[in-house]
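As provided, work07.csv (CSV, C-alpha atoms) reads as follows.
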```
chain,number,residue,atom,x,y,z
G,1170,MET,CA,5.1,-21.6,-13.2
G,1171,GLY,CA,2.2,-19.2,-13.3
G,1172,VAL,CA,2.9,-15.5,-12.7
G,1173,PRO,CA,0.8,-14.2,-9.8
G,1174,LYS,CA,-0.7,-11.4,-11.7
G,1175,LYS,CA,-3.8,-9.6,-10.3
G,1176,ALA,CA,-3.6,-10.7,-6.7
G,1177,LEU,CA,0.2,-10.0,-6.6
G,1178,VAL,CA,-0.3,-6.5,-8.0
G,1179,LEU,CA,-3.1,-5.7,-5.6
G,1180,ALA,CA,-0.9,-6.6,-2.7
G,1181,PHE,CA,1.8,-4.4,-4.2
G,1182,THR,CA,-0.3,-1.4,-4.7
G,1183,ALA,CA,-2.1,-1.7,-1.4
G,1184,ALA,CA,1.1,-0.7,0.2
G,1185,CYS,CA,1.1,2.8,-1.2
G,1186,ALA,CA,1.7,4.9,2.0
G,1187,PHE,CA,3.6,4.4,5.2
G,1188,GLY,CA,4.4,6.2,8.4
G,1189,GLY,CA,3.6,6.2,12.1
G,1190,GLY,CA,3.9,8.3,15.2
G,1191,SER,CA,7.7,8.7,14.6
G,1192,ALA,CA,7.5,8.3,10.8
G,1193,GLU,CA,7.0,11.9,9.7
G,1194,GLY,CA,9.9,13.6,8.1
G,1195,ALA,CA,11.8,10.4,7.4
G,1196,GLU,CA,12.2,7.6,4.8
G,1197,TRP,CA,11.8,3.8,4.9
G,1198,ARG,CA,12.7,1.0,2.6
G,1199,PHE,CA,10.8,-2.3,2.5
G,1200,ARG,CA,12.4,-5.3,1.0
G,1201,VAL,CA,9.8,-7.2,-1.0
G,1202,LEU,CA,9.9,-11.0,-1.2
G,1203,LEU,CA,7.9,-13.7,-3.1
G,1204,ASP,CA,8.1,-17.0,-1.3
G,1205,GLY,CA,11.2,-15.7,0.6
G,1206,VAL,CA,13.0,-14.6,-2.6
G,1207,ALA,CA,13.7,-10.9,-3.0
G,1208,ILE,CA,12.0,-9.4,-6.0
G,1209,GLY,CA,12.5,-5.7,-5.3
G,1210,GLU,CA,11.7,-2.9,-2.9
G,1211,HIS,CA,9.1,-0.3,-2.0
G,1212,ARG,CA,10.5,3.1,-0.8
G,1213,PHE,CA,8.5,5.6,1.2
G,1214,SER,CA,9.0,9.2,2.3
G,1215,VAL,CA,6.6,11.0,4.7
G,1216,THR,CA,6.8,14.8,5.4
G,1217,ARG,CA,4.5,17.1,7.3
G,1218,THR,CA,3.8,20.8,7.3
G,1219,GLU,CA,1.6,22.5,9.9
G,1220,ASP,CA,-1.7,21.3,8.4
G,1221,GLU,CA,-0.8,18.7,5.8
G,1222,ARG,CA,1.0,15.4,5.4
G,1223,ARG,CA,2.7,14.4,2.1
G,1224,VAL,CA,3.5,10.8,1.2
G,1225,VAL,CA,5.6,9.7,-1.7
G,1226,SER,CA,6.1,6.0,-2.6
G,1227,GLU,CA,8.2,4.3,-5.3
G,1228,ALA,CA,7.9,0.5,-6.0
G,1229,ASP,CA,10.1,-1.5,-8.4
G,1230,PHE,CA,9.7,-5.3,-8.8
G,1231,LEU,CA,11.1,-8.0,-11.1
G,1232,VAL,CA,10.0,-11.6,-10.9
G,1233,LYS,CA,12.2,-14.2,-12.6
G,1234,PHE,CA,11.8,-17.9,-13.4
G,1235,LEU,CA,15.0,-19.9,-14.1
G,1236,GLY,CA,16.7,-16.5,-14.4
G,1237,ILE,CA,14.3,-15.2,-17.0
G,1238,PRO,CA,12.2,-12.1,-16.3
G,1239,VAL,CA,8.6,-13.0,-16.3
G,1240,TYR,CA,6.9,-10.1,-14.6
G,1241,ARG,CA,7.9,-6.4,-14.1
G,1242,TYR,CA,6.1,-3.8,-12.0
G,1243,ARG,CA,6.8,-0.1,-11.4
G,1244,HIS,CA,4.6,2.3,-9.3
G,1245,ARG,CA,5.1,6.0,-8.4
G,1246,ALA,CA,2.6,7.8,-6.2
G,1247,SER,CA,2.3,11.0,-4.2
G,1248,GLU,CA,-0.5,11.8,-1.7
G,1249,SER,CA,-1.6,14.9,0.3
G,1250,TRP,CA,-3.6,14.6,3.5
G,1251,ARG,CA,-5.5,16.9,5.8
G,1252,GLY,CA,-6.4,15.1,9.0
G,1253,ASP,CA,-7.6,11.6,8.1
G,1254,CYS,CA,-8.7,12.6,4.6
G,1255,VAL,CA,-6.8,12.4,1.4
G,1256,THR,CA,-7.0,15.6,-0.6
G,1257,GLN,CA,-4.8,15.0,-3.6
G,1258,LEU,CA,-3.3,11.9,-5.2
G,1259,SER,CA,-1.2,11.4,-8.4
G,1260,ALA,CA,-0.2,7.9,-9.3
G,1261,PHE,CA,1.5,6.2,-12.3
G,1262,THR,CA,1.7,2.4,-12.7
G,1263,ASP,CA,3.4,0.2,-15.3
G,1264,ASP,CA,2.0,-3.2,-14.6
G,1265,ASP,CA,4.0,-5.5,-16.9
G,1266,GLY,CA,3.4,-3.1,-19.8
G,1267,LYS,CA,-0.2,-2.1,-18.8
G,1268,VAL,CA,0.0,1.6,-17.9
G,1269,SER,CA,-2.5,3.4,-15.6
G,1270,GLN,CA,-2.6,6.9,-14.3
G,1271,VAL,CA,-4.8,8.1,-11.4
G,1272,ARG,CA,-5.4,11.6,-10.4
G,1273,VAL,CA,-7.5,12.7,-7.3
G,1274,ARG,CA,-8.3,16.3,-6.4
G,1275,ALA,CA,-10.5,17.8,-3.7
G,1276,GLY,CA,-13.7,19.2,-5.3
G,1277,GLY,CA,-16.6,21.2,-3.8
G,1278,ASP,CA,-19.1,20.0,-1.2
G,1279,GLY,CA,-16.5,17.7,0.4
G,1280,ARG,CA,-16.2,15.4,-2.7
G,1281,LEU,CA,-13.2,14.0,-4.4
G,1282,ASP,CA,-12.8,14.2,-8.2
G,1283,VAL,CA,-11.1,11.0,-9.4
G,1284,THR,CA,-9.7,10.6,-12.9
G,1285,VAL,CA,-8.5,7.3,-14.2
G,1286,ASN,CA,-6.8,7.2,-17.6
G,1287,GLY,CA,-8.9,10.3,-18.6
G,1288,ALA,CA,-12.3,9.0,-17.3
G,1289,SER,CA,-13.6,11.0,-14.3
G,1290,ARG,CA,-16.1,10.4,-11.5
G,1291,SER,CA,-16.6,11.7,-7.9
G,1292,LEU,CA,-16.5,10.3,-4.4
G,1293,SER,CA,-18.3,11.8,-1.5
G,1294,GLY,CA,-17.1,12.2,2.1
G,1295,CYS,CA,-13.7,11.7,3.7
G,1296,THR,CA,-11.8,9.1,1.9
G,1297,MET,CA,-8.6,7.2,2.8
G,1298,THR,CA,-6.3,5.1,0.7
G,1299,PHE,CA,-4.5,2.0,2.1
G,1300,ALA,CA,-2.6,4.3,4.5
G,1301,TYR,CA,-1.1,2.0,7.1
G,1302,TRP,CA,0.6,4.9,8.8
G,1303,ASN,CA,-2.8,6.2,10.0
G,1304,PRO,CA,-4.4,4.4,13.0
G,1305,ALA,CA,-7.8,5.6,11.7
G,1306,LEU,CA,-7.3,3.0,8.9
G,1307,ARG,CA,-8.5,0.3,11.3
G,1308,GLN,CA,-12.0,1.8,11.6
G,1309,GLN,CA,-12.6,2.1,7.8
G,1310,THR,CA,-15.0,0.1,5.7
G,1311,ARG,CA,-13.9,1.5,2.4
G,1312,LEU,CA,-10.4,2.4,1.0
G,1313,LEU,CA,-9.3,3.9,-2.3
G,1314,ASN,CA,-6.9,1.9,-4.4
G,1315,PRO,CA,-4.3,4.3,-5.8
G,1316,GLN,CA,-3.6,2.1,-8.9
G,1317,SER,CA,-7.1,1.5,-10.1
G,1318,GLY,CA,-8.9,4.5,-8.6
G,1319,VAL,CA,-11.6,2.1,-7.3
G,1320,GLU,CA,-13.0,2.5,-3.8
G,1321,GLU,CA,-12.9,-1.0,-2.3
G,1322,ARG,CA,-15.1,-2.2,0.6
G,1323,VAL,CA,-13.0,-3.7,3.4
G,1324,HIS,CA,-13.3,-5.4,6.8
G,1325,ILE,CA,-10.3,-4.7,9.1
G,1326,HIS,CA,-9.9,-6.6,12.4
G,1327,ARG,CA,-7.1,-7.5,14.8
G,1328,VAL,CA,-6.0,-11.1,14.7
G,1329,GLY,CA,-3.6,-11.2,17.7
G,1330,GLU,CA,0.2,-11.1,18.1
G,1331,GLY,CA,3.1,-12.9,16.6
G,1332,ALA,CA,6.8,-12.7,16.0
G,1333,LEU,CA,8.1,-10.9,12.9
G,1334,ASP,CA,11.7,-10.5,11.6
G,1335,VAL,CA,12.6,-6.9,11.4
G,1336,ARG,CA,16.1,-6.0,10.1
G,1337,GLY,CA,17.3,-9.4,11.2
G,1338,GLU,CA,15.8,-9.3,14.7
G,1339,PRO,CA,12.6,-11.0,16.0
G,1340,VAL,CA,10.0,-8.4,17.1
G,1341,VAL,CA,6.7,-9.0,18.9
G,1342,ALA,CA,4.1,-7.5,16.6
G,1343,GLN,CA,0.4,-6.8,16.4
G,1344,HIS,CA,-1.3,-8.7,13.7
G,1345,TRP,CA,-4.2,-7.0,11.8
G,1346,ARG,CA,-6.0,-8.3,8.7
G,1347,ILE,CA,-7.7,-6.4,5.8
G,1348,GLU,CA,-10.3,-8.5,4.1
G,1349,GLY,CA,-12.1,-7.4,0.9
G,1350,PRO,CA,-9.4,-7.2,-1.7
G,1351,VAL,CA,-8.8,-10.2,-3.9
G,1352,ALA,CA,-6.2,-11.5,-1.4
G,1353,PRO,CA,-6.6,-10.7,2.3
G,1354,LEU,CA,-3.7,-8.5,3.6
G,1355,ASP,CA,-2.0,-9.4,6.9
G,1356,VAL,CA,-0.5,-6.2,8.3
G,1357,TRP,CA,2.0,-6.0,11.2
G,1358,TYR,CA,2.6,-3.2,13.7
G,1359,SER,CA,5.2,-2.7,16.4
G,1360,ALA,CA,4.2,-2.1,20.0
G,1361,GLN,CA,4.5,1.6,19.3
G,1362,GLY,CA,2.0,1.4,16.5
G,1363,ASP,CA,4.4,1.7,13.5
G,1364,TRP,CA,3.8,-0.4,10.4
G,1365,ILE,CA,6.6,-3.0,10.1
G,1366,GLY,CA,5.5,-5.6,7.7
G,1367,LEU,CA,2.9,-7.1,5.4
G,1368,ASP,CA,2.0,-10.6,4.2
G,1369,SER,CA,-0.4,-11.8,1.6
G,1370,THR,CA,-1.1,-15.1,-0.1
G,1371,VAL,CA,-1.2,-14.6,-3.9
G,1372,ALA,CA,-2.0,-16.7,-6.9
G,1373,GLY,CA,-0.7,-20.2,-6.8
G,1374,GLY,CA,-0.6,-20.2,-3.0
G,1375,ARG,CA,2.6,-18.1,-3.0
G,1376,THR,CA,3.5,-15.6,-0.2
G,1377,LEU,CA,4.2,-12.0,-0.8
G,1378,SER,CA,6.0,-10.2,2.1
G,1379,TYR,CA,7.1,-6.7,2.9
G,1380,ARG,CA,10.0,-6.4,5.5
G,1381,LEU,CA,11.8,-3.3,6.7
G,1382,GLN,CA,15.4,-3.0,5.5
```
Represent the structure of the file as structure tokens.
Amino acid sequence: MGVPKKALVLAFTAACAFGGGSAEGAEWRFRVLLDGVAIGEHRFSVTRTEDERRVVSEADFLVKFLGIPVYRYRHRASESWRGDCVTQLSAFTDDDGKVSQVRVRAGGDGRLDVTVNGASRSLSGCTMTFAYWNPALRQQTRLLNPQSGVEERVHIHRVGEGALDVRGEPVVAQHWRIEGPVAPLDVWYSAQGDWIGLDSTVAGGRTLSYRLQ
């Protein structure tokens, strides 16, 4: 069995922030499954002050084959937002032994200073990460990957509606798709607009899923 390396990790790290209209000041836990088998969880905390949102995420995954660990992943990230723009980001990732650190700080003239493993560059204009909690995400054509520090071009569109299992109950959900990363991401929202799930086809035709616990 091949380990679904790059595409699997991209789907993991795309889910770096979460929330919704009722999401602020609370926590969520997503159960993460690979072909229906639990491999870990992704935990989120969203808080808000008068003029800023702060999002903290923690992901831990372990993929096994015949009971033997074949892939480990750990990700820690915190973000600060003003309006629809990220102003600060600090992320640490251990991707099966490959470590990366990303730092983002607001600079002058509306730019963002991005440092990846000590190498720095700048981005111009208001920038968003893969922030599913923010409805403005759906109008974006570029998103910042918090693991790589790379700004990715994306095409986001609504697919339709479908049924999604949420905490053991079927829920009618809105289906949106993000195209541009290695593997397209199918993102699911409740009727109230809250993010409730994610699916992606990864290497080997396997399915990676996020489901609320």
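From CA of Gly1279 (chain G) back to CA of Glu1320 (chain G), the distance works out to 16.2 Å.
Excluding Asp1229 (chain G) and any residue on its chain fewer than 6 positions from it, the residues at most 10 Å away by all atoms listed in the file are Phe1181, Val1201, Ile1208, Gly1209, Glu1210, His1211, Arg1212, Arg1241, Tyr1242, Arg1243, His1244, Arg1245 and Asp1263 of chain G.
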Exercise: Tyr1379 (chain G) partners within 7 Å, all atoms listed in the file, chain neighbours under 5 positions left out, as a VMD selection string | chain G and resid 1199 to 1202 1366 to 1368
Give me a file of those residues, with C-alpha atoms, as a PDB file, keeping the file's coordinate frame.
```pdb
ATOM      1  CA  PHE G1199      10.800  -2.300   2.500  1.00  0.00           C
ATOM      2  CA  ARG G1200      12.400  -5.300   1.000  1.00  0.00           C
ATOM      3  CA  VAL G1201       9.800  -7.200  -1.000  1.00  0.00           C
ATOM      4  CA  LEU G1202       9.900 -11.000  -1.200  1.00  0.00           C
ATOM      5  CA  GLY G1366       5.500  -5.600   7.700  1.00  0.00           C
ATOM      6  CA  LEU G1367       2.900  -7.100   5.400  1.00  0.00           C
ATOM      7  CA  ASP G1368       2.000 -10.600   4.200  1.00  0.00           C
TER       8      ASP G1368
END
```
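When only C-alpha atoms are used to measure the gap to Gly1266 (chain G), the shortest distance among G:Ser1247, G:Ser1359, G:Arg1290, G:Tyr1240 belongs to G:Tyr1240.
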Have a look at CA of Gly1287 (chain G) and CA of Asp1265 (chain G) and let me know their distance in Å, one decimal.
-> 20.5 Å
Could you add the missing atoms to region 1198-1224 of chain G, up to N, CA and C atoms, and return them as a PDB file, in the frame of the given file?
```
ATOM      1  N   ARG G1198      12.560   1.878   3.718  1.00  0.00           N
ATOM      2  CA  ARG G1198      12.700   1.000   2.600  1.00  0.00           C
ATOM      3  C   ARG G1198      12.174  -0.404   3.009  1.00  0.00           C
ATOM      4  N   PHE G1199      11.239  -0.919   2.271  1.00  0.00           N
ATOM      5  CA  PHE G1199      10.800  -2.300   2.500  1.00  0.00           C
ATOM      6  C   PHE G1199      11.383  -3.190   1.437  1.00  0.00           C
ATOM      7  N   ARG G1200      11.963  -4.278   1.888  1.00  0.00           N
ATOM      8  CA  ARG G1200      12.400  -5.300   1.000  1.00  0.00           C
ATOM      9  C   ARG G1200      11.155  -6.183   0.682  1.00  0.00           C
ATOM     10  N   VAL G1201      10.938  -6.487  -0.582  1.00  0.00           N
ATOM     11  CA  VAL G1201       9.800  -7.200  -1.000  1.00  0.00           C
ATOM     12  C   VAL G1201      10.203  -8.626  -1.437  1.00  0.00           C
ATOM     13  N   LEU G1202       9.530  -9.647  -0.900  1.00  0.00           N
ATOM     14  CA  LEU G1202       9.900 -11.000  -1.200  1.00  0.00           C
ATOM     15  C   LEU G1202       8.690 -11.815  -1.684  1.00  0.00           C
ATOM     16  N   LEU G1203       8.949 -12.754  -2.574  1.00  0.00           N
ATOM     17  CA  LEU G1203       7.900 -13.700  -3.100  1.00  0.00           C
ATOM     18  C   LEU G1203       8.427 -15.080  -2.699  1.00  0.00           C
ATOM     19  N   ASP G1204       7.709 -15.746  -1.794  1.00  0.00           N
ATOM     20  CA  ASP G1204       8.100 -17.000  -1.300  1.00  0.00           C
ATOM     21  C   ASP G1204       9.571 -16.974  -0.716  1.00  0.00           C
ATOM     22  N   GLY G1205       9.885 -15.862  -0.035  1.00  0.00           N
ATOM     23  CA  GLY G1205      11.200 -15.700   0.600  1.00  0.00           C
ATOM     24  C   GLY G1205      12.296 -15.242  -0.325  1.00  0.00           C
ATOM     25  N   VAL G1206      12.009 -15.060  -1.614  1.00  0.00           N
ATOM     26  CA  VAL G1206      13.000 -14.600  -2.600  1.00  0.00           C
ATOM     27  C   VAL G1206      12.785 -13.130  -2.880  1.00  0.00           C
ATOM     28  N   ALA G1207      13.836 -12.326  -2.749  1.00  0.00           N
ATOM     29  CA  ALA G1207      13.700 -10.900  -3.000  1.00  0.00           C
ATOM     30  C   ALA G1207      13.386 -10.603  -4.441  1.00  0.00           C
ATOM     31  N   ILE G1208      12.370  -9.756  -4.654  1.00  0.00           N
ATOM     32  CA  ILE G1208      12.000  -9.400  -6.000  1.00  0.00           C
ATOM     33  C   ILE G1208      12.026  -7.867  -6.216  1.00  0.00           C
ATOM     34  N   GLY G1209      12.394  -7.101  -5.173  1.00  0.00           N
ATOM     35  CA  GLY G1209      12.500  -5.700  -5.300  1.00  0.00           C
ATOM     36  C   GLY G1209      12.286  -4.949  -4.013  1.00  0.00           C
ATOM     37  N   GLU G1210      11.919  -3.672  -4.087  1.00  0.00           N
ATOM     38  CA  GLU G1210      11.700  -2.900  -2.900  1.00  0.00           C
ATOM     39  C   GLU G1210      10.644  -1.853  -3.083  1.00  0.00           C
ATOM     40  N   HIS G1211      10.118  -1.370  -1.960  1.00  0.00           N
ATOM     41  CA  HIS G1211       9.100  -0.300  -2.000  1.00  0.00           C
ATOM     42  C   HIS G1211       9.654   0.777  -1.007  1.00  0.00           C
ATOM     43  N   ARG G1212       9.872   1.974  -1.539  1.00  0.00           N
ATOM     44  CA  ARG G1212      10.500   3.100  -0.800  1.00  0.00           C
ATOM     45  C   ARG G1212       9.411   4.118  -0.455  1.00  0.00           C
ATOM     46  N   PHE G1213       9.501   4.670   0.759  1.00  0.00           N
ATOM     47  CA  PHE G1213       8.500   5.600   1.200  1.00  0.00           C
ATOM     48  C   PHE G1213       9.160   6.856   1.839  1.00  0.00           C
ATOM     49  N   SER G1214       8.539   7.998   1.614  1.00  0.00           N
ATOM     50  CA  SER G1214       9.000   9.200   2.300  1.00  0.00           C
ATOM     51  C   SER G1214       7.728   9.949   2.789  1.00  0.00           C
ATOM     52  N   VAL G1215       7.769  10.332   4.075  1.00  0.00           N
ATOM     53  CA  VAL G1215       6.600  11.000   4.700  1.00  0.00           C
ATOM     54  C   VAL G1215       7.129  12.349   5.253  1.00  0.00           C
ATOM     55  N   THR G1216       6.488  13.426   4.861  1.00  0.00           N
ATOM     56  CA  THR G1216       6.800  14.800   5.400  1.00  0.00           C
ATOM     57  C   THR G1216       5.533  15.407   5.883  1.00  0.00           C
ATOM     58  N   ARG G1217       5.699  16.390   6.750  1.00  0.00           N
ATOM     59  CA  ARG G1217       4.500  17.100   7.300  1.00  0.00           C
ATOM     60  C   ARG G1217       4.768  18.546   7.461  1.00  0.00           C
ATOM     61  N   THR G1218       3.777  19.324   7.038  1.00  0.00           N
ATOM     62  CA  THR G1218       3.800  20.800   7.300  1.00  0.00           C
ATOM     63  C   THR G1218       2.794  20.970   8.467  1.00  0.00           C
ATOM     64  N   GLU G1219       2.470  22.203   8.747  1.00  0.00           N
ATOM     65  CA  GLU G1219       1.600  22.500   9.900  1.00  0.00           C
ATOM     66  C   GLU G1219       0.249  21.841   9.782  1.00  0.00           C
ATOM     67  N   ASP G1220      -0.312  21.795   8.576  1.00  0.00           N
ATOM     68  CA  ASP G1220      -1.700  21.300   8.400  1.00  0.00           C
ATOM     69  C   ASP G1220      -1.809  20.210   7.359  1.00  0.00           C
ATOM     70  N   GLU G1221      -0.712  19.631   6.921  1.00  0.00           N
ATOM     71  CA  GLU G1221      -0.800  18.700   5.800  1.00  0.00           C
ATOM     72  C   GLU G1221       0.315  17.627   5.917  1.00  0.00           C
ATOM     73  N   ARG G1222       0.007  16.408   5.534  1.00  0.00           N
ATOM     74  CA  ARG G1222       1.000  15.400   5.400  1.00  0.00           C
ATOM     75  C   ARG G1222       1.172  15.098   3.867  1.00  0.00           C
ATOM     76  N   ARG G1223       2.406  14.766   3.468  1.00  0.00           N
ATOM     77  CA  ARG G1223       2.700  14.400   2.100  1.00  0.00           C
ATOM     78  C   ARG G1223       3.406  13.056   2.094  1.00  0.00           C
ATOM     79  N   VAL G1224       2.912  12.098   1.325  1.00  0.00           N
ATOM     80  CA  VAL G1224       3.500  10.800   1.200  1.00  0.00           C
ATOM     81  C   VAL G1224       3.905  10.496  -0.192  1.00  0.00           C
TER      82      VAL G1224
END
```
